[in-house]
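> Contents are mmCIF, C-alpha atoms and all ligand atoms; file name entry_5.cif:
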data_input
#
loop_
_atom_site.label_atom_id
_atom_site.label_comp_id
_atom_site.auth_asym_id
_atom_site.auth_seq_id
_atom_site.Cartn_x
_atom_site.Cartn_y
_atom_site.Cartn_z
CA MET X 4 96.66 2.68 7.16
CA ARG X 5 99.10 5.55 7.44
CA ILE X 6 99.37 8.19 4.73
CA ILE X 7 101.96 10.95 4.52
CA LEU X 8 100.54 14.12 3.03
CA HIS X 9 102.41 17.09 1.65
CA ILE X 10 99.77 19.79 1.28
CA TRP X 11 100.04 23.20 -0.37
CA ARG X 12 99.32 25.80 2.31
CA GLN X 13 98.70 29.38 1.22
CA ARG X 14 96.90 31.83 3.48
CA ASN X 15 95.45 34.00 0.74
CA ALA X 16 95.79 35.01 -2.89
CA THR X 17 98.69 37.39 -2.31
CA GLU X 18 100.96 35.56 0.14
CA PRO X 19 103.37 32.91 -1.14
CA GLY X 20 102.48 29.28 -0.42
CA ARG X 21 104.55 26.24 0.58
CA MET X 22 104.20 22.48 0.99
CA VAL X 23 103.61 21.33 4.58
CA ARG X 24 104.02 17.71 5.71
CA TYR X 25 101.23 16.02 7.68
CA GLU X 26 100.79 12.46 8.79
CA ALA X 27 97.34 10.88 8.59
CA ALA X 28 97.40 7.87 10.89
CA ASP X 29 94.51 5.36 11.06
CA VAL X 30 93.09 6.14 7.63
CA ASN X 31 90.21 3.78 6.90
CA GLU X 32 90.28 2.31 3.39
CA HIS X 33 86.54 2.99 3.02
CA MET X 34 86.99 6.73 3.52
CA SER X 35 86.69 8.97 0.51
CA PHE X 36 89.67 11.24 -0.14
CA LEU X 37 87.70 14.21 1.20
CA GLU X 38 86.68 12.31 4.33
CA MET X 39 90.36 11.59 4.91
CA LEU X 40 91.03 15.35 4.63
CA ASP X 41 88.13 16.01 7.04
CA VAL X 42 89.87 13.78 9.62
CA VAL X 43 93.19 15.55 9.05
CA ASN X 44 91.38 18.87 9.58
CA GLU X 45 89.74 17.65 12.81
CA GLY X 46 93.23 16.87 14.10
CA LEU X 47 94.52 20.30 13.08
CA ILE X 48 91.56 22.06 14.72
CA ALA X 49 92.08 20.04 17.91
CA LYS X 50 95.69 21.28 17.98
CA GLY X 51 94.55 24.87 17.42
CA GLU X 52 95.95 24.97 13.88
CA GLU X 53 94.31 26.31 10.75
CA PRO X 54 92.43 23.53 8.85
CA VAL X 55 93.26 22.90 5.19
CA ALA X 56 90.83 24.72 2.89
CA PHE X 57 89.48 22.61 0.04
CA ASP X 58 86.43 22.92 -2.19
CA HIS X 59 83.56 20.43 -2.10
CA ASP X 60 79.80 20.29 -2.19
CA CYS X 61 77.86 17.23 -3.42
CA ARG X 62 80.55 14.65 -2.63
CA GLU X 63 78.92 12.37 -5.17
CA GLY X 64 80.71 13.37 -8.36
CA ILE X 65 78.07 15.60 -9.90
CA CYS X 66 78.63 19.23 -8.86
CA GLY X 67 82.19 19.92 -10.06
CA MET X 68 83.28 21.71 -6.90
CA CYS X 69 86.01 19.39 -5.65
CA GLY X 70 89.43 18.76 -7.08
CA CYS X 71 93.12 19.15 -6.52
CA MET X 72 96.30 17.69 -7.93
CA VAL X 73 97.31 14.42 -6.26
CA ASN X 74 100.90 13.56 -7.10
CA GLY X 75 100.62 15.74 -10.21
CA VAL X 76 97.38 14.23 -11.51
CA ALA X 77 94.12 16.20 -11.47
CA HIS X 78 91.56 14.37 -9.25
CA GLY X 79 94.15 11.70 -8.43
CA PRO X 80 95.11 8.37 -9.94
CA LEU X 81 91.73 6.73 -10.63
CA PRO X 82 90.44 7.42 -14.19
CA GLY X 83 86.94 8.83 -14.62
CA THR X 84 86.65 9.77 -10.95
CA THR X 85 86.30 13.05 -9.11
CA LEU X 86 88.34 13.60 -5.95
CA CYS X 87 85.22 13.18 -3.79
CA GLN X 88 84.57 9.75 -5.31
CA LEU X 89 88.16 8.58 -4.95
CA HIS X 90 88.45 6.18 -2.00
CA MET X 91 91.44 5.48 0.15
CA ARG X 92 91.43 1.78 -0.78
CA HIS X 93 93.17 2.86 -3.98
CA PHE X 94 96.22 3.83 -1.93
CA LYS X 95 98.45 1.71 0.25
CA ASP X 96 99.89 1.97 3.72
CA GLY X 97 102.81 4.39 3.84
CA ASP X 98 101.96 6.18 0.58
CA GLU X 99 103.24 9.72 0.27
CA LEU X 100 100.85 12.09 -1.49
CA TYR X 101 101.50 15.62 -2.72
CA LEU X 102 98.36 17.77 -2.86
CA GLU X 103 98.35 21.02 -4.79
CA PRO X 104 95.63 23.35 -6.09
CA TRP X 105 94.79 23.61 -9.80
CA ARG X 106 97.66 25.56 -11.38
CA ALA X 107 96.50 27.98 -14.08
CA LYS X 108 96.75 31.73 -14.57
CA ALA X 109 92.98 31.88 -15.06
CA PHE X 110 92.34 30.03 -11.75
CA PRO X 111 94.10 32.09 -9.05
CA VAL X 112 94.58 30.41 -5.67
CA VAL X 113 92.15 31.70 -3.04
CA LYS X 114 93.49 29.66 -0.12
CA ASP X 115 95.35 26.32 0.21
CA LEU X 116 93.68 23.96 -2.30
CA VAL X 117 90.86 26.34 -3.24
CA VAL X 118 91.06 28.22 -6.53
CA ASP X 119 88.79 30.84 -8.07
CA ARG X 120 87.09 29.28 -11.10
CA SER X 121 84.80 32.20 -11.88
CA ALA X 122 86.58 32.47 -15.26
CA PHE X 123 84.44 29.44 -16.25
CA ASP X 124 81.29 31.36 -15.26
CA ARG X 125 82.37 34.26 -17.46
CA LEU X 126 82.93 31.86 -20.39
CA ILE X 127 79.37 30.61 -19.97
CA ALA X 128 78.03 34.15 -19.62
CA ALA X 129 79.82 35.06 -22.87
CA GLY X 130 77.89 32.52 -24.94
CA GLY X 131 77.28 29.16 -23.28
CA PHE X 132 73.49 29.47 -23.26
CA VAL X 133 70.46 29.64 -25.53
CA SER X 134 68.35 32.79 -25.43
CA VAL X 135 65.57 31.51 -27.69
CA SER X 136 62.40 30.78 -25.80
CA THR X 137 62.25 27.00 -25.55
CA GLY X 138 58.79 27.15 -23.98
CA SER X 139 57.42 24.44 -21.76
CA ALA X 140 58.31 20.77 -22.16
CA PRO X 141 57.35 19.82 -25.75
CA ASP X 142 55.74 16.58 -26.87
CA GLY X 143 58.37 13.86 -27.13
CA ASN X 144 58.57 13.87 -30.94
CA ALA X 145 57.59 17.48 -31.70
CA VAL X 146 61.20 18.44 -32.50
CA LEU X 147 62.98 15.61 -34.22
CA VAL X 148 66.56 15.01 -33.08
CA SER X 149 68.52 12.04 -34.38
CA LYS X 150 69.68 9.45 -31.85
CA GLU X 151 73.31 10.15 -32.72
CA LYS X 152 72.93 13.90 -32.06
CA ALA X 153 70.87 13.42 -28.89
CA ASP X 154 73.51 11.04 -27.52
CA GLY X 155 76.35 13.43 -28.47
CA ALA X 156 74.60 16.37 -26.79
CA MET X 157 73.90 14.31 -23.67
CA ASP X 158 77.50 13.08 -23.44
CA ALA X 159 78.83 16.64 -23.76
CA ALA X 160 76.33 17.89 -21.17
CA ALA X 161 77.95 15.56 -18.62
CA CYS X 162 80.71 18.15 -18.07
CA ILE X 163 80.52 19.32 -14.45
CA GLY X 164 82.86 22.32 -14.85
CA CYS X 165 85.44 21.01 -12.40
CA GLY X 166 88.42 22.55 -14.19
CA ALA X 167 90.62 19.43 -14.14
CA CYS X 168 91.11 19.71 -17.91
CA VAL X 169 92.60 23.19 -17.49
CA ALA X 170 94.77 22.14 -14.56
CA MET X 171 96.23 19.16 -16.41
CA CYS X 172 96.81 20.92 -19.72
CA PRO X 173 100.39 22.23 -20.09
CA ASN X 174 98.86 25.24 -21.89
CA ALA X 175 96.10 25.71 -19.27
CA SER X 176 93.60 25.60 -22.11
CA ALA X 177 89.86 25.58 -21.43
CA SER X 178 89.13 23.96 -24.80
CA LEU X 179 87.65 20.72 -23.46
CA PHE X 180 85.27 22.62 -21.18
CA MET X 181 84.27 25.08 -23.94
CA GLY X 182 83.98 22.31 -26.51
CA ALA X 183 81.64 20.42 -24.17
CA LYS X 184 79.36 23.44 -23.74
CA ILE X 185 79.46 24.34 -27.44
CA SER X 186 78.71 20.72 -28.40
CA HIS X 187 75.84 20.14 -26.04
CA LEU X 188 74.07 23.25 -27.31
CA GLY X 189 75.25 23.14 -30.93
CA LEU X 190 74.07 19.58 -31.57
CA LEU X 191 70.47 20.41 -30.69
CA PRO X 192 67.98 22.43 -32.80
CA GLN X 193 67.51 24.99 -29.99
CA GLY X 194 71.23 25.81 -30.11
CA GLN X 195 71.37 26.67 -33.82
CA PRO X 196 70.30 30.36 -33.93
CA GLU X 197 73.27 31.51 -31.80
CA ARG X 198 75.77 28.83 -32.83
CA SER X 199 78.25 31.15 -34.60
CA GLN X 200 77.89 33.99 -32.14
CA ARG X 201 78.36 31.55 -29.25
CA VAL X 202 81.68 30.10 -30.39
CA GLU X 203 83.14 33.49 -31.35
CA ALA X 204 82.18 35.04 -28.01
CA MET X 205 83.46 32.11 -25.94
CA VAL X 206 86.79 31.88 -27.77
CA ALA X 207 87.30 35.66 -27.36
CA GLN X 208 86.47 35.41 -23.64
CA ALA X 209 88.89 32.50 -23.18
CA GLY X 210 91.68 34.72 -24.52
CA ALA X 211 90.68 37.55 -22.20
CA GLU X 212 90.75 35.16 -19.21
CA MET X 213 94.32 34.06 -20.11
CA PHE X 214 93.45 30.44 -20.85
CA GLY X 215 96.01 28.97 -23.24
CA SER X 216 95.46 27.53 -26.71
CA CYS X 217 94.84 23.85 -27.38
CA THR X 218 97.71 21.96 -28.99
CA ASN X 219 95.97 18.55 -29.00
CA ILE X 220 98.06 17.02 -26.24
CA GLY X 221 95.09 15.14 -24.75
CA GLU X 222 95.91 15.38 -21.04
CA CYS X 223 92.48 16.99 -20.55
CA GLU X 224 90.63 13.97 -21.93
CA ALA X 225 92.80 11.63 -19.84
CA VAL X 226 91.81 13.26 -16.53
CA CYS X 227 88.24 14.34 -17.27
CA PRO X 228 86.09 12.63 -14.63
CA LYS X 229 83.10 12.69 -16.97
CA GLY X 230 84.77 11.13 -20.01
CA ILE X 231 84.43 14.19 -22.26
CA LYS X 232 86.22 13.35 -25.51
CA LEU X 233 88.57 15.44 -27.62
CA ASP X 234 85.92 15.32 -30.40
CA VAL X 235 84.19 18.26 -28.71
CA ILE X 236 87.29 20.39 -29.35
CA ALA X 237 87.26 19.41 -33.03
CA ARG X 238 83.58 20.43 -33.21
CA MET X 239 84.34 23.75 -31.50
CA ASN X 240 87.20 24.45 -33.92
CA GLY X 241 84.95 23.58 -36.88
CA ASP X 242 82.26 25.95 -35.58
CA PHE X 243 84.85 28.66 -35.02
CA LEU X 244 86.28 28.39 -38.55
CA ARG X 245 82.80 28.43 -40.05
CA ALA X 246 81.77 31.42 -37.91
CA SER X 247 84.94 33.36 -38.78
CA TRP X 248 84.40 32.68 -42.48
CA VAL X 249 80.78 33.87 -42.33
CA SER X 250 81.78 37.02 -40.38
CA ARG X 251 84.50 37.80 -42.94
CA SER X 252 82.14 37.28 -45.90
CA THR X 253 79.54 39.54 -44.28
CA VAL X 254 82.09 42.31 -43.71
CA LYS X 255 83.24 42.04 -47.38
CA ALA X 256 79.67 42.10 -48.66
CA GLU X 257 78.92 45.23 -46.59
CA ALA X 258 82.10 47.05 -47.73
S1 LIG J 1 85.53 18.85 -19.55
FE1 LIG J 1 85.81 17.30 -17.90
S2 LIG J 1 87.64 18.00 -16.79
FE2 LIG J 1 86.91 19.74 -17.98
S3 LIG J 1 85.54 20.91 -16.65
FE3 LIG J 1 84.24 19.47 -17.80
S4 LIG J 1 84.11 17.66 -16.48
FE4 LIG J 1 85.85 18.84 -15.69
S1 LIG J 2 82.11 17.49 -4.40
FE1 LIG J 2 80.70 17.55 -6.09
S2 LIG J 2 81.83 16.60 -7.69
FE2 LIG J 2 83.11 16.34 -5.95
#
Show me the file's structure as structure tokens.


Amino acid sequence: MRIILHIWRQRNATEPGRMVRYEAADVNEHMSFLEMLDVVNEGLIAKGEEPVAFDHDCREGICGMCGCMVNGVAHGPLPGTTLCQLHMRHFKDGDELYLEPWRAKAFPVVKDLVVDRSAFDRLIAAGGFVSVSTGSAPDGNAVLVSKEKADGAMDAAACIGCGACVAMCPNASASLFMGAKISHLGLLPQGQPERSQRVEAMVAQAGAEMFGSCTNIGECEAVCPKGIKLDVIARMNGDFLRASWVSRSTVKAEA
């Protein structure tokens, strides 16, 4: 089939970008979206033109590297699917697709469809970890965790850090991502000692990175390829309120 592409081309972080029209002829319906871009790039290279830069790594939906806006939707039109797992059979002959990078102040464009998501790394470094020694693998039932909590932690841990939630949010909020990290650690016993410190540090870092605030619009949940639910944001907000209250009480007691 034949697909018309309008792709954001931007040489570097400082130069202005623009949409450029390309025609992808002979697109096979079994190609993944990234394979289709590979073929477009082979054509550009053959003509001596600069190939389109786009992020990717695993190409099997688990690393979080890929992603761009396809007709205004992060990762494209198929729910619960990363761009690398989106196949061309979900489009039809003659479709016109507009590809743009994630748009968020905290994710500056590096080149074409590639953005710098190191703000996510700094959020994790601020508090998205446990520093207690967890030792070697314990006996299965040595630390009791209820089924409900184990399932909740596992579901939250499915977040791959792709950034689609930020890109789709009109506020460019990182709340779904942070909520996922805070939930997967905060639901388990090993995450308890630093639970308050973690949420306070991550929320402060999100402000410093210029991520917006969550206003419960839900676009993040709708495009998340890993099905992370808004519940994680509610848990993060609960943890934050509790942590702020404890900090305030401690300051009063010390005064
Ligand atoms: S919460 Fe979902 S959309 Fe956001 S970074 Fe994680 S996997 Fe991607
Ligand atoms: S390339 Fe790894 S999730 Fe798409």

> Ligand LIG 1 (chain J): which residues are within 9 Å, counting all atoms listed in the file? Reply as a tab-separated table (two decimals) with C-alpha atoms, keeping the file's coordinate frame.


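Dumped to part_30.tsv:
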chain	number	residue	atom	x	y	z
X	67	GLY	CA	82.19	19.92	-10.06
X	77	ALA	CA	94.12	16.20	-11.47
X	85	THR	CA	86.30	13.05	-9.11
X	123	PHE	CA	84.44	29.44	-16.25
X	159	ALA	CA	78.83	16.64	-23.76
X	160	ALA	CA	76.33	17.89	-21.17
X	161	ALA	CA	77.95	15.56	-18.62
X	162	CYS	CA	80.71	18.15	-18.07
X	163	ILE	CA	80.52	19.32	-14.45
X	164	GLY	CA	82.86	22.32	-14.85
X	165	CYS	CA	85.44	21.01	-12.40
X	166	GLY	CA	88.42	22.55	-14.19
X	167	ALA	CA	90.62	19.43	-14.14
X	168	CYS	CA	91.11	19.71	-17.91
X	169	VAL	CA	92.60	23.19	-17.49
X	170	ALA	CA	94.77	22.14	-14.56
X	171	MET	CA	96.23	19.16	-16.41
X	177	ALA	CA	89.86	25.58	-21.43
X	178	SER	CA	89.13	23.96	-24.80
X	179	LEU	CA	87.65	20.72	-23.46
X	180	PHE	CA	85.27	22.62	-21.18
X	181	MET	CA	84.27	25.08	-23.94
X	182	GLY	CA	83.98	22.31	-26.51
X	183	ALA	CA	81.64	20.42	-24.17
X	184	LYS	CA	79.36	23.44	-23.74
X	223	CYS	CA	92.48	16.99	-20.55
X	224	GLU	CA	90.63	13.97	-21.93
X	225	ALA	CA	92.80	11.63	-19.84
X	226	VAL	CA	91.81	13.26	-16.53
X	227	CYS	CA	88.24	14.34	-17.27
X	228	PRO	CA	86.09	12.63	-14.63
X	229	LYS	CA	83.10	12.69	-16.97
X	230	GLY	CA	84.77	11.13	-20.01
X	231	ILE	CA	84.43	14.19	-22.26
X	232	LYS	CA	86.22	13.35	-25.51

> Could you give me the residues within 8 Å of ligand LIG 2 (chain J), counting all atoms listed in the file, as a list in words?

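I would give the residues around ligand LIG 2 (chain J) as Asp58, His59, Asp60, Cys61, Arg62, Glu63, Gly64, Ile65, Cys66, Gly67, Met68, Cys69, Gly70, Thr85, Leu86, Cys87, Gln88, Ile163 and Cys165 of chain X.
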
> Name the closest residue to X:Ile6 among the candidates X:Val148, X:Val73, X:Ala27, X:Ala211; distances are taken between atoms, counting all atoms listed in the file.

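Nearest to X:Ile6: X:Ala27.
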
> Measuring between all atoms listed in the file, which one of X:Tyr25, X:Phe110, X:Phe214, X:Phe132 shows the shortest distance to X:Arg5?

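Closest residue, counting all atoms listed in the file: X:Tyr25.
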
> Measuring between only C-alpha atoms, which one of X:Gln193, X:Glu151, X:Ser139, X:Lys108 shows the shortest distance to X:Pro173?

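The shortest atom-to-atom distance to X:Pro173 comes from X:Lys108.
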